[in-house]
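upload_32.tsv (TSV, C-alpha atoms) appears below.
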```tsv
chain	number	residue	atom	x	y	z
A	56	MET	CA	-103.15	52.60	-58.87
A	57	ASN	CA	-104.04	52.06	-55.22
A	58	ALA	CA	-102.41	49.77	-52.69
A	59	LEU	CA	-103.48	48.89	-49.17
A	60	ILE	CA	-100.73	47.80	-46.77
A	61	ILE	CA	-101.84	45.94	-43.65
A	62	ASP	CA	-99.25	45.10	-41.00
A	63	ASP	CA	-99.18	45.67	-37.24
A	64	SER	CA	-95.55	46.78	-37.51
A	65	ARG	CA	-95.28	50.43	-38.49
A	66	ALA	CA	-91.66	49.83	-39.56
A	67	MET	CA	-92.73	47.07	-41.94
A	68	ARG	CA	-95.52	49.24	-43.37
A	69	ARG	CA	-92.90	51.91	-44.04
A	70	VAL	CA	-90.60	49.38	-45.76
A	71	LEU	CA	-93.44	48.17	-48.00
A	72	ARG	CA	-94.59	51.71	-48.76
A	73	ARG	CA	-91.08	52.63	-49.88
A	74	ILE	CA	-91.05	49.70	-52.29
A	75	VAL	CA	-94.50	50.13	-53.89
A	76	GLU	CA	-94.80	53.93	-54.00
A	77	PRO	CA	-92.03	54.30	-56.62
A	78	LEU	CA	-93.96	51.78	-58.76
A	79	GLY	CA	-96.81	54.28	-58.95
A	80	PHE	CA	-99.13	53.05	-56.18
A	81	ALA	CA	-100.94	55.47	-53.87
A	82	VAL	CA	-100.68	53.79	-50.47
A	83	THR	CA	-103.21	53.48	-47.63
A	84	GLU	CA	-102.13	51.78	-44.39
A	85	ALA	CA	-103.87	49.71	-41.73
A	86	GLY	CA	-102.56	48.11	-38.52
A	87	ASP	CA	-104.71	44.95	-38.49
A	88	GLY	CA	-107.23	43.03	-40.57
A	89	ARG	CA	-110.33	44.74	-39.21
A	90	GLU	CA	-108.90	48.20	-39.82
A	91	GLY	CA	-107.87	46.94	-43.26
A	92	LEU	CA	-111.47	45.96	-44.04
A	93	SER	CA	-112.84	49.35	-43.03
A	94	GLN	CA	-110.13	51.12	-45.07
A	95	LEU	CA	-110.99	48.89	-48.00
A	96	ARG	CA	-114.70	49.78	-47.74
A	97	ALA	CA	-113.77	53.46	-47.82
A	98	MET	CA	-111.57	53.08	-50.92
A	99	GLU	CA	-113.21	53.27	-54.33
A	100	ALA	CA	-110.64	51.27	-56.23
A	101	VAL	CA	-107.90	48.97	-54.93
A	102	ASP	CA	-105.41	47.20	-57.18
A	103	LEU	CA	-103.15	45.59	-54.60
A	104	ILE	CA	-103.23	44.52	-50.96
A	105	LEU	CA	-100.09	43.53	-49.07
A	106	VAL	CA	-101.13	41.81	-45.86
A	107	ASP	CA	-99.27	40.31	-42.93
A	108	TRP	CA	-100.49	37.01	-41.40
A	109	ASN	CA	-99.98	37.40	-37.67
A	110	MET	CA	-101.75	40.52	-36.41
A	111	PRO	CA	-103.94	41.39	-33.43
A	112	VAL	CA	-107.75	41.83	-33.68
A	113	MET	CA	-108.11	40.18	-37.10
A	114	ASN	CA	-105.28	38.18	-38.64
A	115	GLY	CA	-104.26	38.11	-42.28
A	116	ILE	CA	-105.94	34.86	-43.23
A	117	GLU	CA	-109.31	36.00	-41.79
A	118	PHE	CA	-108.88	39.22	-43.71
A	119	VAL	CA	-108.17	37.34	-46.97
A	120	HIS	CA	-111.29	35.19	-46.52
A	121	ALA	CA	-113.39	38.32	-45.93
A	122	VAL	CA	-111.98	40.09	-49.01
A	123	ARG	CA	-112.36	37.09	-51.31
A	124	ALA	CA	-115.98	36.65	-50.16
A	125	ASP	CA	-116.68	40.04	-51.75
A	126	THR	CA	-117.28	39.22	-55.42
A	127	LYS	CA	-117.05	42.89	-56.46
A	128	ARG	CA	-113.36	42.97	-55.60
A	129	ARG	CA	-112.29	39.88	-57.56
A	130	ASP	CA	-109.66	41.67	-59.67
A	131	LEU	CA	-107.52	42.97	-56.86
A	132	LYS	CA	-104.24	41.20	-56.18
A	133	LEU	CA	-103.59	39.90	-52.68
A	134	VAL	CA	-100.04	39.30	-51.52
A	135	MET	CA	-99.29	37.84	-48.12
A	136	VAL	CA	-96.04	39.16	-46.63
A	137	THR	CA	-95.19	37.04	-43.62
A	138	THR	CA	-92.69	35.12	-41.52
A	139	GLU	CA	-94.88	32.00	-41.89
A	140	THR	CA	-93.06	29.39	-43.99
A	141	GLU	CA	-94.91	26.22	-42.94
A	142	PRO	CA	-96.01	24.51	-46.17
A	143	MET	CA	-99.42	23.66	-44.67
A	144	LYS	CA	-99.99	27.28	-43.73
A	145	MET	CA	-98.82	28.51	-47.12
A	146	ALA	CA	-101.25	26.11	-48.78
A	147	ARG	CA	-104.02	27.44	-46.52
A	148	ALA	CA	-103.25	31.00	-47.60
A	149	LEU	CA	-103.28	30.03	-51.29
A	150	MET	CA	-106.60	28.24	-50.89
A	151	ALA	CA	-108.02	31.30	-49.13
A	152	GLY	CA	-107.26	33.28	-52.29
A	153	VAL	CA	-103.80	34.78	-51.88
A	154	ASP	CA	-102.14	35.47	-55.26
A	155	GLU	CA	-98.57	35.48	-53.99
A	156	PHE	CA	-96.62	34.73	-50.88
A	157	VAL	CA	-93.56	36.74	-49.78
A	158	MET	CA	-91.54	35.33	-46.93
A	159	LYS	CA	-89.84	37.72	-44.53
A	160	PRO	CA	-87.03	38.61	-44.69
A	161	PHE	CA	-87.11	39.55	-48.35
A	162	THR	CA	-85.42	42.00	-50.68
A	163	SER	CA	-87.25	44.73	-52.57
A	164	ASP	CA	-86.46	43.14	-55.96
A	165	ILE	CA	-88.14	39.90	-54.85
A	166	LEU	CA	-91.36	41.75	-54.00
A	167	VAL	CA	-91.27	43.86	-57.18
A	168	ASP	CA	-90.69	40.74	-59.33
A	169	LYS	CA	-93.59	38.95	-57.68
A	170	LEU	CA	-95.90	41.93	-58.20
A	171	ARG	CA	-94.90	42.00	-61.85
A	172	LEU	CA	-95.46	38.25	-62.23
A	173	ILE	CA	-99.01	38.39	-60.88
A	174	GLY	CA	-99.76	41.50	-62.95
A	175	ALA	CA	-100.42	43.79	-60.00
A	176	GLY	CA	-100.84	47.15	-61.70
A	177	THR	CA	-98.84	48.26	-64.70
A	178	PHE	CA	-95.26	49.33	-64.05
B	135	MET	CA	-55.98	45.89	-56.20
B	136	ASP	CA	-52.61	46.33	-57.89
B	137	VAL	CA	-52.84	46.86	-61.69
B	138	GLN	CA	-50.30	44.15	-62.43
B	139	ASP	CA	-52.14	41.68	-60.19
B	140	PHE	CA	-55.43	42.60	-61.87
B	141	ASN	CA	-53.87	42.07	-65.32
B	142	PHE	CA	-52.45	38.72	-64.27
B	143	VAL	CA	-55.85	37.53	-62.97
B	144	ARG	CA	-57.58	38.95	-66.03
B	145	GLU	CA	-55.29	37.09	-68.43
B	146	MET	CA	-55.60	33.84	-66.49
B	147	VAL	CA	-59.42	34.05	-66.39
B	148	ARG	CA	-59.50	34.90	-70.11
B	149	SER	CA	-57.27	31.99	-71.11
B	150	ARG	CA	-59.15	29.48	-68.94
B	151	SER	CA	-62.75	30.56	-69.38
B	152	ALA	CA	-62.57	33.11	-72.25
B	153	ILE	CA	-64.42	35.52	-69.97
B	154	VAL	CA	-63.26	39.04	-70.74
B	155	LEU	CA	-62.84	41.33	-67.73
B	156	GLU	CA	-62.77	44.99	-68.77
B	157	ASP	CA	-60.58	47.56	-66.98
B	158	GLU	CA	-63.48	48.80	-64.90
B	159	LYS	CA	-64.05	45.29	-63.50
B	160	ASN	CA	-61.21	45.77	-61.02
B	161	TYR	CA	-63.77	46.18	-58.21
B	162	LEU	CA	-65.50	42.93	-59.24
B	163	VAL	CA	-62.25	40.96	-59.17
B	164	GLU	CA	-61.46	42.40	-55.77
B	165	SER	CA	-64.88	41.65	-54.30
B	166	ARG	CA	-64.81	38.07	-55.59
B	167	LEU	CA	-61.20	37.28	-54.70
B	168	GLN	CA	-61.08	38.82	-51.22
B	169	PRO	CA	-63.27	36.10	-49.63
B	170	LEU	CA	-61.44	33.39	-51.59
B	171	ALA	CA	-58.03	34.68	-50.42
B	172	ARG	CA	-59.22	34.63	-46.81
B	173	ARG	CA	-60.72	31.15	-47.17
B	174	GLU	CA	-57.47	29.83	-48.61
B	175	GLY	CA	-55.44	31.27	-45.74
B	176	PHE	CA	-53.80	34.23	-47.50
B	177	VAL	CA	-53.43	37.65	-45.90
B	178	GLY	CA	-54.89	39.33	-48.95
B	179	ILE	CA	-55.30	39.28	-52.72
B	180	ALA	CA	-51.65	40.25	-53.35
B	181	GLU	CA	-50.41	37.15	-51.53
B	182	LEU	CA	-52.95	34.98	-53.36
B	183	VAL	CA	-51.76	36.31	-56.74
B	184	THR	CA	-48.11	35.77	-55.77
B	185	LYS	CA	-48.96	32.12	-55.11
B	186	LEU	CA	-50.77	31.87	-58.44
B	187	ARG	CA	-47.75	33.31	-60.27
B	188	SER	CA	-45.38	30.79	-58.69
B	189	ASN	CA	-47.22	27.72	-59.99
B	190	GLY	CA	-48.51	26.29	-63.23
B	191	PHE	CA	-52.25	25.69	-63.41
B	192	SER	CA	-53.33	24.31	-60.03
B	193	PRO	CA	-56.64	23.74	-58.20
B	194	LEU	CA	-56.16	27.23	-56.74
B	195	HIS	CA	-56.16	28.70	-60.26
B	196	GLY	CA	-59.39	26.80	-60.90
B	197	LYS	CA	-60.95	28.30	-57.77
B	198	VAL	CA	-60.05	31.81	-58.94
B	199	VAL	CA	-61.67	31.19	-62.34
B	200	GLU	CA	-64.75	29.79	-60.60
B	201	ALA	CA	-64.96	32.81	-58.30
B	202	MET	CA	-64.96	35.09	-61.34
B	203	THR	CA	-67.74	33.38	-63.28
B	204	THR	CA	-71.08	35.01	-62.68
B	205	ASN	CA	-73.74	32.79	-61.16
B	206	GLU	CA	-76.78	35.04	-61.19
B	207	THR	CA	-79.88	32.94	-61.75
B	208	SER	CA	-83.46	32.42	-60.64
B	209	PHE	CA	-86.34	30.01	-61.18
B	210	TYR	CA	-88.21	30.68	-64.45
B	211	ARG	CA	-85.81	33.54	-65.14
B	212	ASP	CA	-87.31	36.12	-67.57
B	213	VAL	CA	-90.62	34.14	-67.69
B	214	GLN	CA	-91.13	34.52	-71.50
B	215	PRO	CA	-88.69	31.79	-72.59
B	216	PHE	CA	-90.58	29.33	-70.38
B	217	GLU	CA	-93.91	30.57	-71.77
B	218	ALA	CA	-92.54	30.02	-75.28
B	219	LEU	CA	-91.47	26.51	-74.33
B	220	ARG	CA	-94.81	25.68	-72.71
B	221	LYS	CA	-97.12	27.16	-75.30
B	222	VAL	CA	-95.28	26.68	-78.61
B	223	ILE	CA	-91.86	25.03	-78.69
B	224	LEU	CA	-92.53	21.91	-76.62
B	225	PRO	CA	-95.98	21.13	-78.09
B	226	GLU	CA	-94.47	21.42	-81.60
B	227	LEU	CA	-91.45	19.26	-80.84
B	228	ILE	CA	-93.48	16.66	-78.96
B	229	ALA	CA	-95.83	16.35	-81.95
B	230	LYS	CA	-92.81	15.76	-84.22
B	231	ARG	CA	-91.19	13.21	-81.91
B	232	THR	CA	-94.15	10.90	-81.26
B	233	GLY	CA	-92.40	8.25	-83.39
B	234	THR	CA	-89.20	8.07	-81.34
B	235	LYS	CA	-90.64	9.36	-78.03
B	236	GLN	CA	-87.28	10.96	-77.33
B	237	LEU	CA	-86.53	14.51	-76.25
B	238	CYS	CA	-83.11	15.95	-75.35
B	239	ILE	CA	-82.67	19.32	-73.69
B	240	TRP	CA	-79.37	20.94	-72.74
B	241	CYS	CA	-78.95	23.76	-70.21
B	242	ALA	CA	-75.43	24.79	-71.11
B	243	ALA	CA	-74.75	27.11	-68.17
B	244	SER	CA	-77.02	25.74	-65.52
B	245	SER	CA	-75.37	27.53	-62.60
B	246	THR	CA	-76.94	26.44	-59.29
B	247	GLY	CA	-79.72	24.50	-61.02
B	248	GLN	CA	-82.67	26.88	-61.10
B	249	GLU	CA	-82.96	26.73	-64.90
B	250	PRO	CA	-82.92	22.93	-65.34
B	251	TYR	CA	-85.21	22.47	-62.32
B	252	SER	CA	-87.63	25.05	-63.76
B	253	LEU	CA	-87.62	23.06	-67.01
B	254	ALA	CA	-88.15	19.76	-65.22
B	255	MET	CA	-91.07	21.19	-63.24
B	256	LEU	CA	-92.54	22.67	-66.41
B	257	LEU	CA	-92.40	19.27	-68.14
B	258	ARG	CA	-93.91	17.50	-65.13
B	259	GLU	CA	-96.62	20.12	-64.69
B	260	HIS	CA	-97.78	20.61	-68.28
B	261	PHE	CA	-96.65	17.60	-70.30
B	262	THR	CA	-97.76	14.59	-68.30
B	263	GLY	CA	-97.83	12.50	-71.49
B	264	LEU	CA	-94.03	12.53	-71.48
B	265	ALA	CA	-93.99	10.15	-68.50
B	266	THR	CA	-93.51	7.22	-70.88
B	267	TRP	CA	-90.94	9.05	-73.06
B	268	ASP	CA	-87.18	9.07	-72.90
B	269	VAL	CA	-86.62	12.68	-71.81
B	270	LYS	CA	-83.09	13.82	-71.07
B	271	ILE	CA	-82.22	17.12	-69.44
B	272	LEU	CA	-78.47	17.67	-69.44
B	273	ALA	CA	-77.30	20.49	-67.18
B	274	THR	CA	-73.69	21.60	-67.42
B	275	ASP	CA	-71.60	24.32	-65.86
B	276	LEU	CA	-67.96	25.30	-65.71
B	277	SER	CA	-67.92	25.50	-61.93
B	278	THR	CA	-67.84	22.23	-60.03
B	279	GLN	CA	-68.77	24.15	-56.89
B	280	VAL	CA	-72.05	25.45	-58.32
B	281	LEU	CA	-72.74	22.07	-59.96
B	282	GLU	CA	-72.50	20.43	-56.57
B	283	LYS	CA	-75.04	22.87	-55.21
B	284	ALA	CA	-77.27	22.31	-58.25
B	285	ARG	CA	-77.09	18.55	-57.86
B	286	ALA	CA	-78.00	18.83	-54.16
B	287	GLY	CA	-81.18	20.69	-55.12
B	288	CYS	CA	-81.30	22.50	-51.79
B	289	PHE	CA	-82.25	26.20	-51.85
B	290	ASN	CA	-82.51	28.91	-49.22
B	291	GLN	CA	-85.52	31.14	-48.69
B	292	ILE	CA	-84.21	33.97	-50.87
B	293	GLU	CA	-83.44	31.57	-53.73
B	294	ILE	CA	-86.90	29.96	-53.70
B	295	SER	CA	-88.46	33.42	-53.48
B	296	ARG	CA	-87.01	34.38	-56.86
B	297	GLY	CA	-89.35	33.45	-59.67
B	298	LEU	CA	-90.90	30.32	-58.18
B	299	PRO	CA	-94.70	30.51	-57.87
B	300	PRO	CA	-95.85	29.32	-54.39
B	301	PRO	CA	-98.01	26.46	-55.75
B	302	LEU	CA	-94.94	24.96	-57.46
B	303	LEU	CA	-92.85	25.47	-54.33
B	304	LEU	CA	-95.40	23.53	-52.29
B	305	LYS	CA	-95.79	20.81	-54.90
B	306	TYR	CA	-92.17	20.12	-55.81
B	307	PHE	CA	-90.13	21.03	-52.69
B	308	ASP	CA	-89.92	19.73	-49.14
B	309	ARG	CA	-89.11	22.22	-46.42
B	310	GLN	CA	-86.12	21.19	-44.33
B	311	GLY	CA	-85.70	23.78	-41.58
B	312	PRO	CA	-84.59	27.02	-43.21
B	313	THR	CA	-84.02	25.44	-46.63
B	314	TRP	CA	-86.17	23.83	-49.32
B	315	GLN	CA	-85.22	20.54	-50.97
B	316	ILE	CA	-86.37	19.73	-54.50
B	317	LYS	CA	-88.24	16.42	-54.65
B	318	GLU	CA	-86.22	13.43	-55.81
B	319	SER	CA	-88.62	12.75	-58.69
B	320	ILE	CA	-87.66	16.12	-60.21
B	321	ARG	CA	-83.98	15.93	-59.29
B	322	GLN	CA	-83.53	12.59	-61.05
B	323	MET	CA	-84.84	14.02	-64.33
B	324	ILE	CA	-81.59	15.98	-64.68
B	325	ASP	CA	-78.07	14.84	-65.49
B	326	PHE	CA	-75.60	17.35	-64.01
B	327	ARG	CA	-72.12	17.35	-65.53
B	328	PRO	CA	-69.13	19.70	-65.55
B	329	LEU	CA	-68.35	21.26	-68.90
B	330	ASN	CA	-66.11	24.17	-69.82
B	331	LEU	CA	-67.59	25.70	-72.97
B	332	ILE	CA	-64.17	26.73	-74.27
B	333	ASP	CA	-62.52	23.33	-73.77
B	334	SER	CA	-63.12	20.40	-76.11
B	335	TRP	CA	-66.58	18.95	-75.47
B	336	PRO	CA	-67.21	15.30	-74.68
B	337	ALA	CA	-69.35	13.21	-77.03
B	338	MET	CA	-72.88	14.44	-76.58
B	339	THR	CA	-76.28	13.33	-77.79
B	340	THR	CA	-78.08	15.37	-80.44
B	341	MET	CA	-80.18	18.10	-78.85
B	342	ASP	CA	-83.74	19.21	-79.52
B	343	ILE	CA	-83.50	22.28	-77.31
B	344	VAL	CA	-80.41	24.16	-76.15
B	345	LEU	CA	-80.53	26.90	-73.53
B	346	ILE	CA	-77.36	28.94	-73.23
B	347	ARG	CA	-78.66	32.13	-71.71
B	348	ASN	CA	-76.62	35.08	-70.47
B	349	VAL	CA	-73.33	33.33	-71.06
B	350	LEU	CA	-72.10	34.44	-74.48
B	351	ILE	CA	-72.03	38.09	-73.39
B	352	TYR	CA	-69.03	37.27	-71.23
B	353	PHE	CA	-67.01	35.86	-74.14
B	354	ASP	CA	-65.14	37.63	-76.92
B	355	VAL	CA	-66.52	37.50	-80.46
B	356	GLN	CA	-64.32	34.66	-81.70
B	357	THR	CA	-65.23	32.47	-78.73
B	358	ARG	CA	-68.94	33.20	-79.23
B	359	LYS	CA	-68.60	32.10	-82.87
B	360	THR	CA	-66.79	28.92	-81.90
B	361	ILE	CA	-69.36	28.01	-79.24
B	362	LEU	CA	-72.34	28.72	-81.51
B	363	GLY	CA	-70.71	26.64	-84.27
B	364	LYS	CA	-70.34	23.69	-81.91
B	365	ILE	CA	-73.92	24.03	-80.68
B	366	ARG	CA	-75.14	24.12	-84.29
B	367	LYS	CA	-73.49	20.77	-84.97
B	368	LEU	CA	-75.15	19.29	-81.87
B	369	MET	CA	-78.65	20.44	-82.72
B	370	ARG	CA	-81.30	18.55	-84.64
B	371	PRO	CA	-82.29	20.37	-87.86
B	372	ASP	CA	-85.59	21.40	-86.27
B	373	GLY	CA	-84.06	22.10	-82.86
B	374	VAL	CA	-84.42	25.37	-80.98
B	375	LEU	CA	-81.77	27.55	-79.35
B	376	PHE	CA	-82.47	29.98	-76.50
B	377	LEU	CA	-80.05	32.82	-75.74
B	378	GLY	CA	-80.23	35.58	-73.12
B	379	SER	CA	-82.39	38.60	-73.95
B	380	ALA	CA	-79.29	40.75	-74.59
B	381	GLU	CA	-77.69	38.12	-76.83
B	382	SER	CA	-78.10	37.17	-80.49
B	383	THR	CA	-76.53	35.04	-83.21
B	384	VAL	CA	-76.51	38.00	-85.61
B	385	ASN	CA	-73.02	38.59	-87.09
B	386	LEU	CA	-71.81	35.52	-85.24
B	387	ASP	CA	-73.45	32.55	-86.97
B	388	ASP	CA	-75.65	33.05	-90.03
B	389	ALA	CA	-76.86	29.44	-89.95
B	390	PHE	CA	-79.27	30.48	-87.20
B	391	GLY	CA	-82.41	32.47	-87.90
B	392	ARG	CA	-84.25	34.48	-85.27
B	393	VAL	CA	-87.94	33.74	-84.66
B	394	GLU	CA	-90.26	35.64	-82.32
B	395	VAL	CA	-92.25	33.31	-80.05
B	396	GLU	CA	-94.37	34.49	-77.10
B	397	ARG	CA	-92.57	37.84	-76.91
B	398	THR	CA	-89.14	36.21	-76.80
B	399	SER	CA	-86.55	35.45	-79.46
B	400	VAL	CA	-85.57	31.88	-80.24
B	401	TYR	CA	-83.13	30.67	-82.88
B	402	ARG	CA	-83.69	27.91	-85.41
B	403	LEU	CA	-81.39	26.54	-88.06
B	404	ARG	CA	-82.18	28.01	-91.47
```
Could you write out this file's structure as structure tokens?
Amino acid sequence: MNALIIDDSRAMRRVLRRIVEPLGFAVTEAGDGREGLSQLRAMEAVDLILVDWNMPVMNGIEFVHAVRADTKRRDLKLVMVTTETEPMKMARALMAGVDEFVMKPFTSDILVDKLRLIGAGTF
Amino acid sequence: MDVQDFNFVREMVRSRSAIVLEDEKNYLVESRLQPLARREGFVGIAELVTKLRSNGFSPLHGKVVEAMTTNETSFYRDVQPFEALRKVILPELIAKRTGTKQLCIWCAASSTGQEPYSLAMLLREHFTGLATWDVKILATDLSTQVLEKARAGCFNQIEISRGLPPPLLLKYFDRQGPTWQIKESIRQMIDFRPLNLIDSWPAMTTMDIVLIRNVLIYFDVQTRKTILGKIRKLMRPDGVLFLGSAESTVNLDDAFGRVEVERTSVYRLR
């Protein structure tokens, strides 16, 4: 199983990596949406993407739109991990094609439960 | 914590709530009572217990029992019981009740409200035809403190992050600063009332569905039998009982039979 973690904070990428690696995901990292897209193109199979909203160059919501426009990648699960908690913004993310929404700060069991609920991988 | 103090608290909690605290739960008692002792103005647990020993049952004793009852919960906890309700149990019961248009559901240890609110949202989301029915959701708990929180329907970010799918959060909650308030239309579907499962129960309506999940494990065998016997008398003949995944009626009450529904066990009267 492959996961792509996109966040401009290296510390947050490390936190997320430490949560999903024990679940059996091989992790690739990117620091913004554009880098995330090029990483994604280079990856053969991706099961899960954890993406931040507020990032330089290309933000999370633009990234989600770009990924969901690619019909070949329909099965992958997209989880937005963000400090955004405005209902309107959350609704925007869901409409863009996000499968789940994790609000920072969060605990590892919350993220793991959400991944299980949306069927991201088998663990 | 002093062994004698631990034994005193253990005996008091057992007699009041029938919750059995094993020897190795010393740490749990300490971690739960330390904040309470401080809040009540005692130097430490020892002084709190001395006060408890000097009186008959007082509000302070009640607070200690409340502090020791576990309140772990989440929205749609364990998922499968709610899938069973949505896909099988509720459609079946609704078909049988079209004559009376009445449905009664009891969450017997509702804690801070996540379970009854999950049920209410499930009904609103998937069974819109019930709008003209008389649907009662009774939510009870031993602790008046957690009932108050449940009734308020106000949850912090961590609480709403546990088990609640974002579309339901957006549809049924209003954000109020750092917290999320359940909408009044959902809140008013539920009747919150205090009830100690080991005391005598008030007169209650006959139930179609009873959820008493992850509660019996804390009671000794005799208390489990008594509680299940009382639930049995409250249930309609075709009613359904939900227990926690680690719980069962086996060797406790043979009147119940286990049925597998949507990868979860439910109990029906034989």
Distance filter 7 Å, all atoms listed in the file, chain A against chain B, as a PDB file with C-alpha atoms, keeping the file's coordinate frame:
```pdb
ATOM      1  CA  PRO A 142     -96.010  24.510 -46.170  1.00  0.00           C
ATOM      2  CA  GLU A 155     -98.570  35.480 -53.990  1.00  0.00           C
ATOM      3  CA  PHE A 156     -96.620  34.730 -50.880  1.00  0.00           C
ATOM      4  CA  PHE A 161     -87.110  39.550 -48.350  1.00  0.00           C
ATOM      5  CA  ILE A 165     -88.140  39.900 -54.850  1.00  0.00           C
TER       6      ILE A 165
END
```
Problem set entry | Contact residues around Thr398 in chain B with all atoms listed in the file at 10 Å, ignoring same-chain residues under 4 positions, as number ranges by chain | B: 212-218, 376-379, 392-394
Problem set entry | Spatial neighbours of range 160-172 of chain B, max dist 12 Å, only C-alpha atoms, sep filter under 3 positions, as number ranges by chain | B: 135-144, 147, 154-157, 175-186, 194-205
Print the selection's residues with C-alpha atoms to a file, as a PDB file, keeping the file's coordinate frame.
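Written out: result-v4.pdb:
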```
ATOM      1  CA  MET B 135     -55.980  45.890 -56.200  1.00  0.00           C
ATOM      2  CA  ASP B 136     -52.610  46.330 -57.890  1.00  0.00           C
ATOM      3  CA  VAL B 137     -52.840  46.860 -61.690  1.00  0.00           C
ATOM      4  CA  GLN B 138     -50.300  44.150 -62.430  1.00  0.00           C
ATOM      5  CA  ASP B 139     -52.140  41.680 -60.190  1.00  0.00           C
ATOM      6  CA  PHE B 140     -55.430  42.600 -61.870  1.00  0.00           C
ATOM      7  CA  ASN B 141     -53.870  42.070 -65.320  1.00  0.00           C
ATOM      8  CA  PHE B 142     -52.450  38.720 -64.270  1.00  0.00           C
ATOM      9  CA  VAL B 143     -55.850  37.530 -62.970  1.00  0.00           C
ATOM     10  CA  ARG B 144     -57.580  38.950 -66.030  1.00  0.00           C
ATOM     11  CA  VAL B 147     -59.420  34.050 -66.390  1.00  0.00           C
ATOM     12  CA  VAL B 154     -63.260  39.040 -70.740  1.00  0.00           C
ATOM     13  CA  LEU B 155     -62.840  41.330 -67.730  1.00  0.00           C
ATOM     14  CA  GLU B 156     -62.770  44.990 -68.770  1.00  0.00           C
ATOM     15  CA  ASP B 157     -60.580  47.560 -66.980  1.00  0.00           C
ATOM     16  CA  GLY B 175     -55.440  31.270 -45.740  1.00  0.00           C
ATOM     17  CA  PHE B 176     -53.800  34.230 -47.500  1.00  0.00           C
ATOM     18  CA  VAL B 177     -53.430  37.650 -45.900  1.00  0.00           C
ATOM     19  CA  GLY B 178     -54.890  39.330 -48.950  1.00  0.00           C
ATOM     20  CA  ILE B 179     -55.300  39.280 -52.720  1.00  0.00           C
ATOM     21  CA  ALA B 180     -51.650  40.250 -53.350  1.00  0.00           C
ATOM     22  CA  GLU B 181     -50.410  37.150 -51.530  1.00  0.00           C
ATOM     23  CA  LEU B 182     -52.950  34.980 -53.360  1.00  0.00           C
ATOM     24  CA  VAL B 183     -51.760  36.310 -56.740  1.00  0.00           C
ATOM     25  CA  THR B 184     -48.110  35.770 -55.770  1.00  0.00           C
ATOM     26  CA  LYS B 185     -48.960  32.120 -55.110  1.00  0.00           C
ATOM     27  CA  LEU B 186     -50.770  31.870 -58.440  1.00  0.00           C
ATOM     28  CA  LEU B 194     -56.160  27.230 -56.740  1.00  0.00           C
ATOM     29  CA  HIS B 195     -56.160  28.700 -60.260  1.00  0.00           C
ATOM     30  CA  GLY B 196     -59.390  26.800 -60.900  1.00  0.00           C
ATOM     31  CA  LYS B 197     -60.950  28.300 -57.770  1.00  0.00           C
ATOM     32  CA  VAL B 198     -60.050  31.810 -58.940  1.00  0.00           C
ATOM     33  CA  VAL B 199     -61.670  31.190 -62.340  1.00  0.00           C
ATOM     34  CA  GLU B 200     -64.750  29.790 -60.600  1.00  0.00           C
ATOM     35  CA  ALA B 201     -64.960  32.810 -58.300  1.00  0.00           C
ATOM     36  CA  MET B 202     -64.960  35.090 -61.340  1.00  0.00           C
ATOM     37  CA  THR B 203     -67.740  33.380 -63.280  1.00  0.00           C
ATOM     38  CA  THR B 204     -71.080  35.010 -62.680  1.00  0.00           C
ATOM     39  CA  ASN B 205     -73.740  32.790 -61.160  1.00  0.00           C
TER      40      ASN B 205
END
```
Exercise. To one decimal place, how far is CA of Thr83 in chain A from CA of Glu139 in chain A in Å?
Worked result: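 Distance between the two atoms: 23.7 Å.
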Problem set entry | Polymer residues at most 8 Å from Arg89 in chain A, all atoms listed in the file, same-chain spacing of 5 or more positions, as number ranges by chain | A: 112-113, 118
Exercise. With all atoms listed in the file as the basis for distance, which of B:Ala389, B:Leu375, B:Leu276, B:Ile153 is at the shortest distance from Trp335 in chain B?
Worked result: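 Among the listed residues, the smallest separation from Trp335 in chain B belongs to B:Leu276.
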For this session: Please provide as a ChimeraX atom specification all residues within 10 Å of Gly91 in chain A, with the sequence filter that same-chain residues fewer than 4 positions apart are discarded (counting only C-alpha atoms).
Result: /A:59-62,83-87,95-97,104,106,113,115,118,122
Those selected residues, please, written with C-alpha atoms and delivered as a short mmCIF file (atom, residue, chain, number, x, y, z; two decimals), in the frame of the given file.
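Dumped everything to selection.cif:
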```cif
data_model
loop_
_atom_site.label_atom_id
_atom_site.label_comp_id
_atom_site.auth_asym_id
_atom_site.auth_seq_id
_atom_site.Cartn_x
_atom_site.Cartn_y
_atom_site.Cartn_z
CA LEU A 59 -103.48 48.89 -49.17
CA ILE A 60 -100.73 47.80 -46.77
CA ILE A 61 -101.84 45.94 -43.65
CA ASP A 62 -99.25 45.10 -41.00
CA THR A 83 -103.21 53.48 -47.63
CA GLU A 84 -102.13 51.78 -44.39
CA ALA A 85 -103.87 49.71 -41.73
CA GLY A 86 -102.56 48.11 -38.52
CA ASP A 87 -104.71 44.95 -38.49
CA LEU A 95 -110.99 48.89 -48.00
CA ARG A 96 -114.70 49.78 -47.74
CA ALA A 97 -113.77 53.46 -47.82
CA ILE A 104 -103.23 44.52 -50.96
CA VAL A 106 -101.13 41.81 -45.86
CA MET A 113 -108.11 40.18 -37.10
CA GLY A 115 -104.26 38.11 -42.28
CA PHE A 118 -108.88 39.22 -43.71
CA VAL A 122 -111.98 40.09 -49.01
#
```
For this session: Show me as a PyMOL selection string the residues that reach within 7 Å of (-104.4, 52.0, -55.4), counting all atoms listed in the file and using the file's own coordinates.
Result: chain A and resi 56-58+80-82+100-103
For this session: Quote the spacing between CA of Met145 in chain A and CA of Arg65 in chain A in Å to one decimal place.
Result: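 CA of Met145 in chain A sits 23.8 Å away from CA of Arg65 in chain A.
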